[in-house]
Every structure is written in C-alpha cells, then in structure tokens.
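To start, the structure under review is shown below, and the notes come after it.
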Amino acid sequence: MQASIMNNQEIGNSVEDEINVREVFFALLHSKIIIISMVAFFAVGSVFYSLSIPNQFTSSSLLKNSNSGSSQSSSSNLDMIGSIAGLNLSSASSSKSSLVTATIESRDFLKHLLTFDKVLPSIVAIKRYDKESGELIFDESIYDEKNNIITSDPEKKPTFHNTFLAYNNMVNVSTTNTGYIYLSVTHLSPKFAYELLNLIIDEVNSLSRARVLQESKDSLKFLYTQLTETKQIEIKNSINQIIESELRKQMLAEVQKNYLINPLDKPFFPEMKSSPNRARICILGTILGLFLSILVSLVKYYGFSSRQYKEL
C-alpha cells in the first residue's frame, strides 16, 4: 500500500515537472517578439559598441638581469635602482628583478621619461591614430603640436597624477618565477608603443650606468687621496686592490650597453592589434540580451498570471 502511494506521488511529481516545463516553454513562445527584439537590440548594440572602441597595439619584450661581473657592481646597481624608485633597497641583492619592476612603475622614472620629446602628449593628449599616415592625431585643446606646447589652461592641462595613471595603464611589467622580466607597452599607436618600450629599456640601463660611473669616480678620487697620504705598505696594497676593482667597474659600465637589463626577446613593432576582441564582445552582448529577454518574459508571464489569480 505504501509502495503504491509512493509510486503515485512520483508520477504526480513527474507530471507536475512536465507541466512546468511546458508552461515555461509556452511563456517564452508567447513572448517571442520581446525575446527577438531584445536579442536583436543587444546584438546590434554590441556591434556598435565594439566598433566604437579604438584598436590597441602592444609591443613587448622579455628581459634578464645583466651580469655586471662583480658583487660591488651589483650592489651599485641596486643602489641606483632604489634611488630612482625612491626606495632604500640596496640590501635586497637577491631582488634585482623586483627592483627593476619598481623602478619602471615609479613616479620619478616617469618624470625622467617625460623630459623626452612628445612623450607627455602621446600619453595624455591623444585624439586618435591615423592608420594611413601612421601618425598620432592630438587633441588641439590640450597640445599644440606645431609649437610643441601643452596648454596652460588649468581645466584642460593634464596633471601629473592623471599622467601617472595613464602611464601605468599603458605599461605592464612583471617578474616571472625564474627571475626574468616581462615588459610591454600598449597604445593606440604601434609606433609609439614600440618606441616607448625601447626608451624605457635604454633609460633604465643609461641611468644605472651613469650612477655607477659617478659613484666610481667619486670613490677613485677618495682612494687616490688616501693612497698618497698613507705610508703603510699593507694599507696601500689594499687601496690598490679597491682601485683595481673600481676601474674594472668603470670599464664594464663604459663597455656594456645593456648594463642592468638585457633583452632576451627584443621589442618588436606590433603589426596586429592586441585589443579589442570585437567578436567576443558581440557574442557576449548577444548572450546577455538572450538571458535578459528570457528573464523579462518569465517575470511578465508569471506576474500577469499571479494578478489574474488574485482577481479570481
């Protein structure tokens, strides 16, 4: 008897589920015009939205730390990087890659980059990229390209804070588990992305070299003075060894172009856009429209049915 009752309950639940599925299908069929209209609206809207997003181009490079050839030279490099980034990190000799990353992302390093021609307007005063001429079109209300002048209007003049935010959005730098550095620049112009990436690499090396050379010259000046004033032979021998080390450091700094970081995969000129993925935007927009239309249809159907039931 109990088994019969359970079987009847299962049959009843199955019939009820079937009725619910049919009811949902009927509700969607009844609202097919709404569904078709919303899907079409979202599909067309996503197409227009994707077309309104300008192409972005990314130039990237894989870097490794250059071998300076001596522990003293490595220490000087770390001191230099820490000073550029505004950090006192000379003791972290094992975190050279992290220091390079911190340097590239630092405000002081950006201030140095902004001293180069057209770097500032290419970051904050872009209007569009002319694919035919390969040149950037600047916003004339912000930057006068003919006279190479940034506007003095306080309402339109770009602040350093906004410039720094735009720079960090363009530049991506990270350290791999093996200690290599991945560096990329994304911009409306493939030419500027390529040029800025090269500039960043060159200037990190250049600032490192200049700092090490200056420190070495100051050290040698002091050492030569002490050498002439010292009478003890043991101390003179020690000073001569330090002088030899400093001269070796100067030689490496003068000879090595990539003094601090060396590209394993050199920056390339991007020929294909890196974003946006317009096909994905259109597909996701259409799917969103489908789900929303189904939701609206079910809410409308069951809400209307509920009102009818209350009236009865």
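As shown in the structure tokens, the chain order sets the letters A, B, ...; within each chain, residues go from 1, and ligands are also counted from 1 in the order they appear.
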TODO: as a ChimeraX atom specification, list the residues of segment 153-270 of chain A assigned to alpha helix (DSSP H) by DSSP on the backbone atoms of this structure.
DONE: /A:160-170,190-229,233-255
- [ ] Write down as an MDAnalysis selection string the residues belonging to segment 48-204 of chain A that are assigned strand (DSSP E or B) by DSSP computed on the backbone.
- [x] chainID A and resid 56:65 126:130 135:138 143:144 149:150 171:175 181:187
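If you count only C-alpha atoms and ignore residues fewer than 4 places along the chain from Lys217 of chain A, what sits within 12 Å of it is Ala210, Arg211, Val212, Leu213, Lys221, Phe222, Leu223, Tyr224, Ile243, Glu246, Leu247, Arg248, Lys249, Gln250, Met251 and Ala253 of chain A.
Atom CA of Leu113 of chain A to atom CA of Met272 of chain A spans 26.1 Å [interatomic distance, one decimal].
Excluding segment 126-142 of chain A itself and same-chain residues fewer than 6 positions from it, the residues having an atom within 10 Å of it are Pro54, Asn55, Gln56, Leu120, Ile149, Ile150, Thr151, Ser152, Asp153, Glu155, Lys156, Lys157, Pro158, His187, Leu188, Ser189, Pro190, Lys191 and Phe192 of chain A, counting only C-alpha atoms.
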- [ ] Calculate how many Å separate atom CA of Ser293 of chain A from atom CA of Ile36 of chain A, rounding to one decimal.
- [x] 8.1 Å
